[in-house]
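Student: Have a look at this one.
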Amino acid sequence: CSLLVTGCAVLLALLLTASSAAAAPPAGVVVLKDRCHHDSPQLSSGSSTPLIAQEATQSYSGTTRSAMRFVVSSLDLTTSGRYCQAVNNTVPDFISTTAGSNVTCATSDAVLTDAKRTVLLSRVVPLALQWLTARLAVVPVSGNLALNTQGCGLYTMPTGAVSGADTLVLVSAAPVASPLNASEWVRGAVCQYDQNGRPTVIVLNVAPDVISASV
(Lines give C-alpha, C1' and ligand atoms only; values in the text may rest on other atoms or scores of the structure.)
Protein backbone atom coordinates (compact mmCIF):
# COMPACT_ATOMS: atom_id res chain seq x y z
CA CYS A 1 0.00 0.00 0.00
CA SER A 2 1.13 3.54 -0.61
CA LEU A 3 2.60 5.69 2.12
CA LEU A 4 0.36 8.41 3.45
CA VAL A 5 2.90 9.56 6.06
CA THR A 6 1.75 7.40 8.94
CA GLY A 7 1.99 4.13 7.09
CA CYS A 8 -1.15 3.13 5.20
CA ALA A 9 -3.40 5.53 7.13
CA VAL A 10 -3.40 3.86 10.52
CA LEU A 11 -5.63 6.67 11.71
CA LEU A 12 -8.15 6.08 8.95
CA ALA A 13 -8.49 2.42 9.88
CA LEU A 14 -9.26 3.47 13.45
CA LEU A 15 -11.83 6.10 12.52
CA LEU A 16 -13.93 4.29 9.93
CA THR A 17 -16.73 4.06 12.49
CA ALA A 18 -17.24 7.80 12.06
CA SER A 19 -17.51 7.76 8.27
CA SER A 20 -16.08 5.98 5.27
CA ALA A 21 -13.44 6.71 2.69
CA ALA A 22 -13.57 5.30 -0.80
CA ALA A 23 -10.38 6.82 -2.15
CA ALA A 24 -6.93 5.40 -1.59
CA PRO A 25 -4.33 7.50 0.23
CA PRO A 26 -2.39 9.79 -2.11
CA ALA A 27 1.04 8.61 -3.11
CA GLY A 28 4.17 10.71 -3.16
CA VAL A 29 4.45 11.76 0.47
CA VAL A 30 7.52 9.82 1.48
CA VAL A 31 8.43 10.62 5.06
CA LEU A 32 8.52 7.17 6.61
CA LYS A 33 10.55 4.34 5.23
CA ASP A 34 8.66 1.66 3.33
CA ARG A 35 6.89 0.04 6.27
CA CYS A 36 3.20 0.34 7.08
CA HIS A 37 0.49 -1.12 9.25
CA HIS A 38 -3.24 -0.94 9.78
CA ASP A 39 -5.78 -3.31 11.28
CA SER A 40 -8.54 -3.46 13.86
CA PRO A 41 -8.64 -0.80 16.58
CA GLN A 42 -6.27 -2.55 18.94
CA LEU A 43 -2.56 -2.39 19.35
CA SER A 44 -1.10 -5.43 17.65
CA SER A 45 2.11 -6.81 19.09
CA GLY A 46 2.80 -10.42 19.94
CA SER A 47 1.71 -11.28 23.47
CA SER A 48 1.43 -7.71 24.76
CA THR A 49 -1.84 -6.49 26.28
CA PRO A 50 -3.92 -4.23 23.99
CA LEU A 51 -5.33 -0.99 25.29
CA ILE A 52 -8.81 -1.36 26.79
CA ALA A 53 -11.08 1.25 25.29
CA GLN A 54 -12.96 3.42 27.79
CA GLU A 55 -16.26 5.22 27.31
CA ALA A 56 -17.17 8.83 28.12
CA THR A 57 -20.49 10.62 27.57
CA GLN A 58 -20.20 13.36 24.97
CA SER A 59 -22.48 16.27 23.97
CA TYR A 60 -22.96 17.26 20.33
CA SER A 61 -24.13 20.32 18.41
CA GLY A 62 -27.26 19.70 16.30
CA THR A 63 -27.35 17.09 13.57
CA THR A 64 -25.41 18.73 10.73
CA ARG A 65 -22.18 17.03 9.83
CA SER A 66 -18.94 18.90 9.24
CA ALA A 67 -15.27 18.05 8.76
CA MET A 68 -13.85 16.08 11.66
CA ARG A 69 -11.58 18.17 13.90
CA PHE A 70 -8.44 16.79 15.53
CA VAL A 71 -6.23 18.01 18.36
CA VAL A 72 -2.79 16.43 18.71
CA SER A 73 -1.00 15.95 22.03
CA SER A 74 2.79 15.69 21.80
CA LEU A 75 3.44 15.39 25.54
CA ASP A 76 5.07 11.97 25.10
CA LEU A 77 7.37 13.39 22.42
CA THR A 78 8.66 16.28 24.49
CA THR A 79 8.74 15.10 28.10
CA SER A 80 12.05 13.69 29.30
CA GLY A 81 11.89 9.96 29.97
CA ARG A 82 8.98 9.43 27.58
CA TYR A 83 11.05 9.07 24.40
CA CYS A 84 14.58 7.99 23.46
CA GLN A 85 17.03 10.82 23.98
CA ALA A 86 20.13 8.63 23.80
CA VAL A 87 21.16 5.04 23.17
CA ASN A 88 20.46 2.75 26.15
CA ASN A 89 17.72 4.97 27.55
CA THR A 90 14.68 3.11 28.87
CA VAL A 91 11.25 4.47 27.96
CA PRO A 92 7.60 3.31 28.13
CA ASP A 93 6.73 0.89 25.34
CA PHE A 94 3.22 2.39 24.93
CA ILE A 95 1.82 -1.08 24.30
CA SER A 96 1.03 -2.49 27.71
CA THR A 97 -1.41 -0.91 30.16
CA THR A 98 0.91 -1.77 33.06
CA ALA A 99 3.17 0.89 34.53
CA GLY A 100 6.82 -0.07 34.23
CA SER A 101 6.42 -1.81 30.88
CA ASN A 102 9.46 -0.37 29.17
CA VAL A 103 11.64 -0.80 26.13
CA THR A 104 15.35 -0.07 25.72
CA CYS A 105 16.62 2.37 23.10
CA ALA A 106 19.08 -0.13 21.68
CA THR A 107 20.44 1.75 18.67
CA SER A 108 20.95 5.31 17.46
CA ASP A 109 18.06 4.81 15.02
CA ALA A 110 15.74 4.58 18.01
CA VAL A 111 16.66 8.05 19.23
CA LEU A 112 14.02 10.71 18.57
CA THR A 113 16.22 13.56 17.42
CA ASP A 114 14.95 17.12 17.11
CA ALA A 115 14.90 16.66 13.33
CA LYS A 116 12.81 13.48 13.55
CA ARG A 117 10.42 15.08 16.02
CA THR A 118 9.96 18.02 13.68
CA VAL A 119 9.22 15.73 10.75
CA LEU A 120 6.74 13.73 12.83
CA LEU A 121 4.86 16.74 14.19
CA SER A 122 5.07 19.12 11.25
CA ARG A 123 4.71 16.67 8.36
CA VAL A 124 3.76 13.11 9.27
CA VAL A 125 0.82 13.64 11.62
CA PRO A 126 -0.57 16.87 10.09
CA LEU A 127 -0.62 15.43 6.57
CA ALA A 128 -2.34 12.26 7.77
CA LEU A 129 -4.96 14.27 9.62
CA GLN A 130 -5.40 16.62 6.67
CA TRP A 131 -6.17 13.63 4.47
CA LEU A 132 -8.65 12.31 7.03
CA THR A 133 -10.32 15.68 7.59
CA ALA A 134 -11.06 15.92 3.88
CA ARG A 135 -12.86 12.56 3.99
CA LEU A 136 -14.55 12.30 7.40
CA ALA A 137 -17.68 14.29 8.31
CA VAL A 138 -19.24 14.05 11.77
CA VAL A 139 -21.70 15.88 13.98
CA PRO A 140 -19.34 18.22 15.88
CA VAL A 141 -18.68 18.00 19.60
CA SER A 142 -20.34 20.69 21.70
CA GLY A 143 -18.00 22.30 24.22
CA ASN A 144 -15.00 20.41 25.55
CA LEU A 145 -14.16 16.88 24.53
CA ALA A 146 -15.33 14.44 27.23
CA LEU A 147 -12.36 12.39 28.41
CA ASN A 148 -12.49 9.33 30.65
CA THR A 149 -10.38 9.83 33.76
CA GLN A 150 -8.90 6.33 33.45
CA GLY A 151 -6.67 7.63 30.69
CA CYS A 152 -5.08 5.67 27.87
CA GLY A 153 -2.64 3.06 29.08
CA LEU A 154 0.89 4.46 29.34
CA TYR A 155 0.07 7.56 27.31
CA THR A 156 0.11 10.97 28.97
CA MET A 157 -3.31 12.62 28.95
CA PRO A 158 -3.60 16.42 28.78
CA THR A 159 -4.47 17.91 32.15
CA GLY A 160 -6.56 20.79 30.83
CA ALA A 161 -9.76 20.94 28.82
CA VAL A 162 -9.58 19.88 25.18
CA SER A 163 -11.76 22.21 23.12
CA GLY A 164 -12.43 22.72 19.43
CA ALA A 165 -11.95 19.04 18.64
CA ASP A 166 -13.94 15.90 17.86
CA THR A 167 -11.00 13.56 18.43
CA LEU A 168 -7.83 13.79 20.51
CA VAL A 169 -4.73 12.13 19.05
CA LEU A 170 -2.00 11.07 21.50
CA VAL A 171 1.31 10.58 19.71
CA SER A 172 4.36 8.68 20.95
CA ALA A 173 7.62 7.51 19.42
CA ALA A 174 8.82 4.47 21.32
CA PRO A 175 11.09 1.97 19.59
CA VAL A 176 9.72 -1.50 18.92
CA ALA A 177 11.64 -4.30 20.58
CA SER A 178 12.06 -7.36 18.36
CA PRO A 179 9.21 -6.61 15.92
CA LEU A 180 7.55 -9.73 14.56
CA ASN A 181 7.46 -8.12 11.13
CA ALA A 182 7.92 -4.75 9.44
CA SER A 183 4.26 -3.83 9.95
CA GLU A 184 4.80 -3.23 13.69
CA TRP A 185 6.89 -0.07 13.33
CA VAL A 186 3.68 2.01 13.27
CA ARG A 187 0.85 1.18 15.70
CA GLY A 188 -2.50 2.77 16.37
CA ALA A 189 -5.42 2.10 18.70
CA VAL A 190 -8.75 3.56 19.73
CA CYS A 191 -8.45 4.43 23.40
CA GLN A 192 -11.75 6.10 24.23
CA TYR A 193 -15.22 6.11 22.69
CA ASP A 194 -18.31 8.21 23.32
CA GLN A 195 -21.70 6.79 24.28
CA ASN A 196 -22.46 6.13 20.60
CA GLY A 197 -19.29 4.16 19.93
CA ARG A 198 -17.53 7.00 18.13
CA PRO A 199 -13.78 7.25 18.79
CA THR A 200 -12.88 10.33 20.83
CA VAL A 201 -9.29 9.49 21.74
CA ILE A 202 -6.87 7.54 19.59
CA VAL A 203 -3.21 6.78 20.14
CA LEU A 204 -0.45 6.50 17.59
CA ASN A 205 3.10 5.24 18.08
CA VAL A 206 5.64 5.71 15.30
CA ALA A 207 9.02 4.13 15.95
CA PRO A 208 11.86 6.63 15.40
CA ASP A 209 13.64 3.93 13.39
CA VAL A 210 11.32 4.54 10.46
CA ILE A 211 11.09 8.33 10.59
CA SER A 212 13.23 10.07 8.03
CA ALA A 213 15.21 12.97 9.47
CA SER A 214 14.31 15.12 6.49
CA VAL A 215 11.44 15.57 4.06
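Lettering and numbering for the C-alpha coordinates are positional, with chains as A, B, ... in the shown order, residues counted from 1 in each chain, and ligands counted from 1 in the shown order.
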Determine which residues of region 59-167 of chain A DSSP labels as helix (DSSP H, G or I) from the backbone of this structure, then write them out as an mmCIF file with N, CA and C atoms, in the first residue's frame.

Tutor:
data_model
loop_
_atom_site.group_PDB
_atom_site.id
_atom_site.type_symbol
_atom_site.label_atom_id
_atom_site.label_comp_id
_atom_site.auth_asym_id
_atom_site.auth_seq_id
_atom_site.Cartn_x
_atom_site.Cartn_y
_atom_site.Cartn_z
ATOM 1 N N LEU A 75 2.802 15.439 24.230
ATOM 2 C CA LEU A 75 3.442 15.385 25.544
ATOM 3 C C LEU A 75 4.461 14.251 25.644
ATOM 4 N N ASP A 76 4.155 13.111 25.012
ATOM 5 C CA ASP A 76 5.067 11.967 25.103
ATOM 6 C C ASP A 76 6.223 12.056 24.112
ATOM 7 N N LEU A 77 6.253 13.140 23.338
ATOM 8 C CA LEU A 77 7.371 13.386 22.419
ATOM 9 C C LEU A 77 8.303 14.469 22.939
ATOM 10 N N THR A 78 7.890 15.134 24.004
ATOM 11 C CA THR A 78 8.661 16.275 24.490
ATOM 12 C C THR A 78 9.035 16.185 25.963
ATOM 13 N N SER A 108 21.088 3.878 17.730
ATOM 14 C CA SER A 108 20.953 5.308 17.463
ATOM 15 C C SER A 108 19.719 5.596 16.611
ATOM 16 N N ASP A 109 19.267 4.617 15.829
ATOM 17 C CA ASP A 109 18.059 4.814 15.019
ATOM 18 C C ASP A 109 16.823 5.001 15.894
ATOM 19 N N ALA A 110 16.873 4.493 17.116
ATOM 20 C CA ALA A 110 15.735 4.580 18.015
ATOM 21 C C ALA A 110 15.631 5.936 18.713
ATOM 22 N N ASP A 114 15.776 15.947 17.363
ATOM 23 C CA ASP A 114 14.950 17.120 17.111
ATOM 24 C C ASP A 114 14.438 17.115 15.674
ATOM 25 N N ALA A 115 15.298 16.682 14.746
ATOM 26 C CA ALA A 115 14.901 16.657 13.334
ATOM 27 C C ALA A 115 13.771 15.663 13.100
ATOM 28 N N LYS A 116 13.868 14.483 13.710
ATOM 29 C CA LYS A 116 12.810 13.478 13.548
ATOM 30 C C LYS A 116 11.503 13.937 14.200
ATOM 31 N N ARG A 117 11.620 14.582 15.369
ATOM 32 C CA ARG A 117 10.417 15.084 16.024
ATOM 33 C C ARG A 117 9.729 16.136 15.153
ATOM 34 N N THR A 118 10.517 16.990 14.553
ATOM 35 C CA THR A 118 9.955 18.022 13.679
ATOM 36 C C THR A 118 9.237 17.411 12.491
ATOM 37 N N VAL A 119 9.849 16.410 11.877
ATOM 38 C CA VAL A 119 9.220 15.731 10.746
ATOM 39 C C VAL A 119 7.907 15.079 11.185
ATOM 40 N N LEU A 120 7.931 14.419 12.339
ATOM 41 C CA LEU A 120 6.736 13.725 12.827
ATOM 42 C C LEU A 120 5.590 14.699 13.103
ATOM 43 N N LEU A 121 5.905 15.819 13.771
ATOM 44 C CA LEU A 121 4.857 16.741 14.194
ATOM 45 C C LEU A 121 4.466 17.771 13.138
ATOM 46 N N SER A 122 5.384 18.086 12.235
ATOM 47 C CA SER A 122 5.071 19.120 11.246
ATOM 48 C C SER A 122 4.696 18.551 9.881
ATOM 49 N N ARG A 123 5.019 17.268 9.656
ATOM 50 C CA ARG A 123 4.708 16.673 8.361
ATOM 51 C C ARG A 123 3.884 15.393 8.483
ATOM 52 N N VAL A 124 4.392 14.433 9.230
ATOM 53 C CA VAL A 124 3.762 13.113 9.272
ATOM 54 C C VAL A 124 2.328 13.178 9.791
ATOM 55 N N VAL A 125 2.156 13.620 11.017
ATOM 56 C CA VAL A 125 0.818 13.644 11.618
ATOM 57 C C VAL A 125 -0.102 14.660 10.949
ATOM 58 N N PRO A 126 0.334 15.907 10.726
ATOM 59 C CA PRO A 126 -0.573 16.870 10.085
ATOM 60 C C PRO A 126 -1.060 16.440 8.709
ATOM 61 N N LEU A 127 -0.202 15.843 7.901
ATOM 62 C CA LEU A 127 -0.623 15.426 6.567
ATOM 63 C C LEU A 127 -1.606 14.262 6.637
ATOM 64 N N ALA A 128 -1.388 13.358 7.596
ATOM 65 C CA ALA A 128 -2.335 12.257 7.766
ATOM 66 C C ALA A 128 -3.693 12.795 8.196
ATOM 67 N N LEU A 129 -3.701 13.717 9.140
ATOM 68 C CA LEU A 129 -4.963 14.273 9.620
ATOM 69 C C LEU A 129 -5.634 15.140 8.565
ATOM 70 N N GLN A 130 -4.832 15.831 7.770
ATOM 71 C CA GLN A 130 -5.403 16.619 6.671
ATOM 72 C C GLN A 130 -6.136 15.717 5.691
ATOM 73 N N TRP A 131 -5.536 14.582 5.388
ATOM 74 C CA TRP A 131 -6.165 13.631 4.467
ATOM 75 C C TRP A 131 -7.473 13.108 5.057
ATOM 76 N N LEU A 132 -7.450 12.819 6.373
ATOM 77 C CA LEU A 132 -8.649 12.309 7.030
ATOM 78 C C LEU A 132 -9.734 13.375 7.123
ATOM 79 N N THR A 133 -9.349 14.591 7.454
ATOM 80 C CA THR A 133 -10.319 15.676 7.594
ATOM 81 C C THR A 133 -11.089 15.903 6.298
#

Student: At a cut-off of 8 Å, can you tabulate as JSON lines every residue of region 130-212 of chain A near region 53-70 of chain A together with its closest atom pair and the distance in Å to one decimal, using only C-alpha atoms and ordering rows by chain then number?

Tutor:
{"residue": "A:Leu132", "atom": "CA", "partner": "A:Met68", "partner_atom": "CA", "distance": 7.9}
{"residue": "A:Thr133", "atom": "CA", "partner": "A:Met68", "partner_atom": "CA", "distance": 5.4}
{"residue": "A:Ala134", "atom": "CA", "partner": "A:Ala67", "partner_atom": "CA", "distance": 6.8}
{"residue": "A:Arg135", "atom": "CA", "partner": "A:Ala67", "partner_atom": "CA", "distance": 7.7}
{"residue": "A:Leu136", "atom": "CA", "partner": "A:Met68", "partner_atom": "CA", "distance": 5.7}
{"residue": "A:Ala137", "atom": "CA", "partner": "A:Ala67", "partner_atom": "CA", "distance": 4.5}
{"residue": "A:Val138", "atom": "CA", "partner": "A:Arg65", "partner_atom": "CA", "distance": 4.6}
{"residue": "A:Val139", "atom": "CA", "partner": "A:Arg65", "partner_atom": "CA", "distance": 4.3}
{"residue": "A:Pro140", "atom": "CA", "partner": "A:Ser61", "partner_atom": "CA", "distance": 5.8}
{"residue": "A:Val141", "atom": "CA", "partner": "A:Tyr60", "partner_atom": "CA", "distance": 4.4}
{"residue": "A:Ser142", "atom": "CA", "partner": "A:Tyr60", "partner_atom": "CA", "distance": 4.5}
{"residue": "A:Gly143", "atom": "CA", "partner": "A:Ser59", "partner_atom": "CA", "distance": 7.5}
{"residue": "A:Leu145", "atom": "CA", "partner": "A:Gln58", "partner_atom": "CA", "distance": 7.0}
{"residue": "A:Ala146", "atom": "CA", "partner": "A:Gln58", "partner_atom": "CA", "distance": 5.5}
{"residue": "A:Leu147", "atom": "CA", "partner": "A:Ala56", "partner_atom": "CA", "distance": 6.0}
{"residue": "A:Asn148", "atom": "CA", "partner": "A:Ala56", "partner_atom": "CA", "distance": 5.3}
{"residue": "A:Gln150", "atom": "CA", "partner": "A:Gln54", "partner_atom": "CA", "distance": 7.6}
{"residue": "A:Cys152", "atom": "CA", "partner": "A:Ala53", "partner_atom": "CA", "distance": 7.9}
{"residue": "A:Gly164", "atom": "CA", "partner": "A:Arg69", "partner_atom": "CA", "distance": 7.2}
{"residue": "A:Ala165", "atom": "CA", "partner": "A:Arg69", "partner_atom": "CA", "distance": 4.8}
{"residue": "A:Asp166", "atom": "CA", "partner": "A:Arg69", "partner_atom": "CA", "distance": 5.1}
{"residue": "A:Thr167", "atom": "CA", "partner": "A:Phe70", "partner_atom": "CA", "distance": 5.0}
{"residue": "A:Leu168", "atom": "CA", "partner": "A:Phe70", "partner_atom": "CA", "distance": 5.8}
{"residue": "A:Val169", "atom": "CA", "partner": "A:Phe70", "partner_atom": "CA", "distance": 6.9}
{"residue": "A:Val190", "atom": "CA", "partner": "A:Ala53", "partner_atom": "CA", "distance": 6.5}
{"residue": "A:Cys191", "atom": "CA", "partner": "A:Ala53", "partner_atom": "CA", "distance": 4.5}
{"residue": "A:Gln192", "atom": "CA", "partner": "A:Gln54", "partner_atom": "CA", "distance": 4.6}
{"residue": "A:Tyr193", "atom": "CA", "partner": "A:Glu55", "partner_atom": "CA", "distance": 4.8}
{"residue": "A:Asp194", "atom": "CA", "partner": "A:Ala56", "partner_atom": "CA", "distance": 5.0}
{"residue": "A:Gln195", "atom": "CA", "partner": "A:Thr57", "partner_atom": "CA", "distance": 5.2}

Student: What separation in Å, quoted to one decimal, exists between CA of Val206 (chain A) and CA of Val186 (chain A)?

Tutor: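 Computing it gives 4.7 Å between the two atoms.
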
Student: Would you pick out the contacts of Ala99 (chain A) at 12 Å or less, using only C-alpha atoms, so that residues sharing its chain but fewer than 6 positions from it are not included, and give the list as a list in words?

Tutor: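 Counting only the stated atoms, we get Val91, Pro92, Asp93, Cys152, Gly153, Leu154, Tyr155 and Thr156 of chain A.
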
Student: Distance CA of Gly188 (chain A)-CA of Pro208 (chain A), one decimal place?

Tutor: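 Between these atoms lies a distance of 14.9 Å.
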
Student: In Å, with one decimal, what is the gap from CA of Thr104 (chain A) to CA of Val176 (chain A)?

Tutor: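 Answer for the CA of Thr104 (chain A) to CA of Val176 (chain A) separation: 8.9 Å.
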
Student: Going by DSSP on the backbone, which residues of region 149-193 of chain A come out as strand (DSSP E or B)? List them as a list of chain:residue names.

Tutor: A:Cys152, A:Tyr155, A:Ser163, A:Thr167, A:Leu168, A:Val169, A:Leu170, A:Val171, A:Ser172, A:Val186, A:Arg187, A:Gly188, A:Ala189, A:Val190, A:Cys191, A:Gln192, A:Tyr193

Student: Pick from A:Asn88, A:Thr159, A:Thr97, A:Ser74: nearest to Ser172 (chain A), with only C-alpha atoms counted?

Tutor: A:Ser74

Student: Between A:Pro158, A:Ala207, A:Gly151, A:Arg82, which is the closest to Ser101 (chain A) once you count only C-alpha atoms?

Tutor: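 Nearest to Ser101 (chain A): A:Arg82.
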